[in-house]
Amino acid sequence: QVHLEESGGGSVQTGGSLRLACAASKYTGSGYCMGWFRQAPGKEREGVAFIDTGLRTTDYVDSVNGRFTVSQDKAKNTLYLQMNSLNPDDTGMYYCAAARALYSCGVATPPVAFGDWGQGTQVTVSS
């Protein structure tokens, strides 16, 4: 089991940037699928960005492709999500999640496949 703790959320105006961080309690630098999800009020949880920490491959939902970048600092056991050109549709609670040794790691991987979740950090983008 991995304890995850997100930070870095906040309120920004349209066009602004934020960098979210997710600190893990143990080494996740290999053999994990790490993901960022978000949930807006009244909507289902949506997978946003993923990284396979063994293959070092990444995947993004179409709505954030080219604006968001997921990365991992193995030495710090920390996952990041750099978010640029934010717009009000990006508003929501952002969660990081970890799954061990998934066959497929990406947007098509459902939330139920992830066993470990952080408590979330709020991102609010105003127009």
# chains A, B, ... in the order shown; residues from 1 in each chain; ligands from 1
call {"tool": "residues_around", "arguments": {"residues": "range 55-60 of chain A", "least_positions_apart": "2", "cutoff": "10 Å", "atoms": "only C-alpha atoms", "output": "PyMOL selection string"}}
result
chain A and resi 29-36+47-53+62-72+105-108
call {"tool": "residues_around", "arguments": {"residues": "range 116-126 of chain A", "least_positions_apart": "3", "cutoff": "7 Å", "atoms": "only C-alpha atoms", "output": "ChimeraX atom specification"}}
result
/A:1-7,9-14,86-88,90-99
call {"tool": "write_last_selection", "arguments": {"atoms": "N, CA, C and O atoms", "output": "mmCIF file, in the first residue's frame"}}
result
data_model
loop_
_atom_site.group_PDB
_atom_site.id
_atom_site.type_symbol
_atom_site.label_atom_id
_atom_site.label_comp_id
_atom_site.auth_asym_id
_atom_site.auth_seq_id
_atom_site.Cartn_x
_atom_site.Cartn_y
_atom_site.Cartn_z
ATOM 1 N N GLN A 1 0.845 -1.187 0.000
ATOM 2 C CA GLN A 1 0.000 0.000 0.000
ATOM 3 C C GLN A 1 0.883 1.241 0.000
ATOM 4 O O GLN A 1 1.925 1.283 0.661
ATOM 5 N N VAL A 2 0.454 2.257 -0.731
ATOM 6 C CA VAL A 2 1.195 3.499 -0.854
ATOM 7 C C VAL A 2 0.343 4.637 -0.321
ATOM 8 O O VAL A 2 -0.810 4.811 -0.739
ATOM 9 N N HIS A 3 0.902 5.417 0.592
ATOM 10 C CA HIS A 3 0.215 6.628 1.057
ATOM 11 C C HIS A 3 0.600 7.766 0.128
ATOM 12 O O HIS A 3 1.788 8.012 -0.114
ATOM 13 N N LEU A 4 -0.405 8.485 -0.384
ATOM 14 C CA LEU A 4 -0.189 9.566 -1.334
ATOM 15 C C LEU A 4 -0.735 10.868 -0.771
ATOM 16 O O LEU A 4 -1.822 10.885 -0.169
ATOM 17 N N GLU A 5 -0.011 11.939 -0.968
ATOM 18 C CA GLU A 5 -0.447 13.242 -0.467
ATOM 19 C C GLU A 5 -0.215 14.298 -1.539
ATOM 20 O O GLU A 5 0.936 14.590 -1.906
ATOM 21 N N GLU A 6 -1.300 14.913 -2.012
ATOM 22 C CA GLU A 6 -1.220 15.940 -3.036
ATOM 23 C C GLU A 6 -1.035 17.323 -2.417
ATOM 24 O O GLU A 6 -1.438 17.574 -1.276
ATOM 25 N N SER A 7 -0.459 18.202 -3.217
ATOM 26 C CA SER A 7 -0.322 19.603 -2.835
ATOM 27 C C SER A 7 -0.222 20.429 -4.108
ATOM 28 O O SER A 7 -0.054 19.878 -5.200
ATOM 29 N N GLY A 9 -2.530 22.790 -5.270
ATOM 30 C CA GLY A 9 -3.742 23.348 -5.839
ATOM 31 C C GLY A 9 -3.922 24.808 -5.451
ATOM 32 O O GLY A 9 -3.194 25.340 -4.616
ATOM 33 N N GLY A 10 -4.897 25.442 -6.082
ATOM 34 C CA GLY A 10 -5.165 26.843 -5.771
ATOM 35 C C GLY A 10 -6.132 27.439 -6.758
ATOM 36 O O GLY A 10 -6.769 26.721 -7.537
ATOM 37 N N SER A 11 -6.229 28.752 -6.707
ATOM 38 C CA SER A 11 -7.117 29.487 -7.599
ATOM 39 C C SER A 11 -6.297 30.338 -8.558
ATOM 40 O O SER A 11 -5.405 31.071 -8.115
ATOM 41 N N VAL A 12 -6.612 30.225 -9.836
ATOM 42 C CA VAL A 12 -5.918 30.994 -10.859
ATOM 43 C C VAL A 12 -6.935 31.510 -11.862
ATOM 44 O O VAL A 12 -8.060 31.005 -11.943
ATOM 45 N N GLN A 13 -6.500 32.466 -12.655
ATOM 46 C CA GLN A 13 -7.341 32.962 -13.736
ATOM 47 C C GLN A 13 -7.066 32.169 -15.017
ATOM 48 O O GLN A 13 -6.036 31.496 -15.143
ATOM 49 N N THR A 14 -7.989 32.269 -15.943
ATOM 50 C CA THR A 14 -7.827 31.607 -17.236
ATOM 51 C C THR A 14 -6.489 31.986 -17.857
ATOM 52 O O THR A 14 -6.113 33.158 -17.870
ATOM 53 N N LEU A 86 -4.535 27.120 -18.297
ATOM 54 C CA LEU A 86 -5.722 26.621 -17.603
ATOM 55 C C LEU A 86 -6.967 27.377 -18.031
ATOM 56 O O LEU A 86 -6.910 28.577 -18.344
ATOM 57 N N ASN A 87 -8.094 26.680 -18.032
ATOM 58 C CA ASN A 87 -9.381 27.294 -18.332
ATOM 59 C C ASN A 87 -10.409 26.796 -17.332
ATOM 60 O O ASN A 87 -10.158 25.822 -16.597
ATOM 61 N N PRO A 88 -11.574 27.423 -17.262
ATOM 62 C CA PRO A 88 -12.567 27.040 -16.238
ATOM 63 C C PRO A 88 -12.970 25.566 -16.287
ATOM 64 O O PRO A 88 -13.347 25.001 -15.248
ATOM 65 N N ASP A 90 -11.095 23.173 -16.397
ATOM 66 C CA ASP A 90 -10.108 22.415 -15.628
ATOM 67 C C ASP A 90 -10.390 22.448 -14.120
ATOM 68 O O ASP A 90 -9.682 21.803 -13.347
ATOM 69 N N THR A 91 -11.392 23.179 -13.726
ATOM 70 C CA THR A 91 -11.731 23.283 -12.309
ATOM 71 C C THR A 91 -12.183 21.939 -11.751
ATOM 72 O O THR A 91 -12.965 21.233 -12.395
ATOM 73 N N GLY A 92 -11.713 21.607 -10.570
ATOM 74 C CA GLY A 92 -12.125 20.374 -9.921
ATOM 75 C C GLY A 92 -11.170 19.959 -8.832
ATOM 76 O O GLY A 92 -10.146 20.626 -8.599
ATOM 77 N N MET A 93 -11.508 18.872 -8.167
ATOM 78 C CA MET A 93 -10.603 18.279 -7.191
ATOM 79 C C MET A 93 -9.694 17.318 -7.939
ATOM 80 O O MET A 93 -10.171 16.469 -8.687
ATOM 81 N N TYR A 94 -8.403 17.487 -7.731
ATOM 82 C CA TYR A 94 -7.419 16.653 -8.417
ATOM 83 C C TYR A 94 -6.844 15.631 -7.444
ATOM 84 O O TYR A 94 -6.411 15.985 -6.343
ATOM 85 N N TYR A 95 -6.834 14.390 -7.885
ATOM 86 C CA TYR A 95 -6.344 13.286 -7.073
ATOM 87 C C TYR A 95 -5.202 12.574 -7.791
ATOM 88 O O TYR A 95 -5.244 12.407 -9.013
ATOM 89 N N CYS A 96 -4.225 12.128 -7.034
ATOM 90 C CA CYS A 96 -3.252 11.216 -7.619
ATOM 91 C C CYS A 96 -3.570 9.807 -7.134
ATOM 92 O O CYS A 96 -4.177 9.616 -6.062
ATOM 93 N N ALA A 97 -3.170 8.839 -7.934
ATOM 94 C CA ALA A 97 -3.478 7.443 -7.649
ATOM 95 C C ALA A 97 -2.330 6.563 -8.109
ATOM 96 O O ALA A 97 -1.592 6.918 -9.026
ATOM 97 N N ALA A 98 -2.219 5.413 -7.459
ATOM 98 C CA ALA A 98 -1.147 4.472 -7.784
ATOM 99 C C ALA A 98 -1.717 3.083 -7.935
ATOM 100 O O ALA A 98 -2.614 2.682 -7.191
ATOM 101 N N ALA A 99 -1.158 2.364 -8.899
ATOM 102 C CA ALA A 99 -1.534 0.971 -9.103
ATOM 103 C C ALA A 99 -0.271 0.191 -9.436
ATOM 104 O O ALA A 99 0.582 0.663 -10.185
#
call {"tool": "atom_distance", "arguments": {"atom1": "CA of Asp73 in chain A", "atom2": "CA of Leu102 in chain A"}}
result
20.2 Å
call {"tool": "select_by_dssp", "arguments": {"residues": "chain A", "states": "helix (DSSP H, G or I)", "output": "list in words"}}
result
Lys74, Ala75, Lys76, Pro88, Asp89, Asp90, Pro111, Val112 and Ala113 of chain A
call {"tool": "write_last_selection", "arguments": {"atoms": "N, CA, C and O atoms", "output": "CSV table (one decimal), in the first residue's frame"}}
result
chain,number,residue,atom,x,y,z
A,74,LYS,N,12.0,10.4,-9.2
A,74,LYS,CA,12.2,9.1,-8.5
A,74,LYS,C,12.9,9.3,-7.2
A,74,LYS,O,12.6,8.6,-6.2
A,75,ALA,N,13.9,10.1,-7.2
A,75,ALA,CA,14.6,10.3,-5.9
A,75,ALA,C,13.8,10.9,-4.8
A,75,ALA,O,14.0,10.6,-3.6
A,76,LYS,N,12.8,11.7,-5.2
A,76,LYS,CA,11.9,12.3,-4.1
A,76,LYS,C,10.6,11.5,-4.0
A,76,LYS,O,9.8,11.9,-3.2
A,88,PRO,N,-11.6,27.4,-17.3
A,88,PRO,CA,-12.6,27.0,-16.2
A,88,PRO,C,-13.0,25.6,-16.3
A,88,PRO,O,-13.3,25.0,-15.2
A,89,ASP,N,-12.9,24.9,-17.4
A,89,ASP,CA,-13.2,23.5,-17.5
A,89,ASP,C,-12.2,22.6,-16.8
A,89,ASP,O,-12.5,21.4,-16.5
A,90,ASP,N,-11.1,23.2,-16.4
A,90,ASP,CA,-10.1,22.4,-15.6
A,90,ASP,C,-10.4,22.4,-14.1
A,90,ASP,O,-9.7,21.8,-13.3
A,111,PRO,N,-10.7,4.1,-12.9
A,111,PRO,CA,-10.3,4.4,-11.5
A,111,PRO,C,-10.3,3.2,-10.6
A,111,PRO,O,-9.5,3.1,-9.7
A,112,VAL,N,-11.2,2.3,-10.8
A,112,VAL,CA,-11.3,1.1,-10.0
A,112,VAL,C,-10.0,0.3,-10.0
A,112,VAL,O,-9.7,-0.5,-9.1
A,113,ALA,N,-9.2,0.4,-11.0
A,113,ALA,CA,-7.9,-0.3,-11.1
A,113,ALA,C,-6.9,0.2,-10.1
A,113,ALA,O,-5.9,-0.5,-9.9
call {"tool": "atom_distance", "arguments": {"atom1": "CA of Tyr27 in chain A", "atom2": "CA of Tyr80 in chain A"}}
result
14.8 Å
call {"tool": "select_by_dssp", "arguments": {"residues": "chain A", "states": "strand (DSSP E or B)", "output": "PyMOL selection string"}}
result
chain A and resi 4-7+10-13+18-24+32-39+46-52+57-60+68-73+78-83+92-100+116-117+121-126
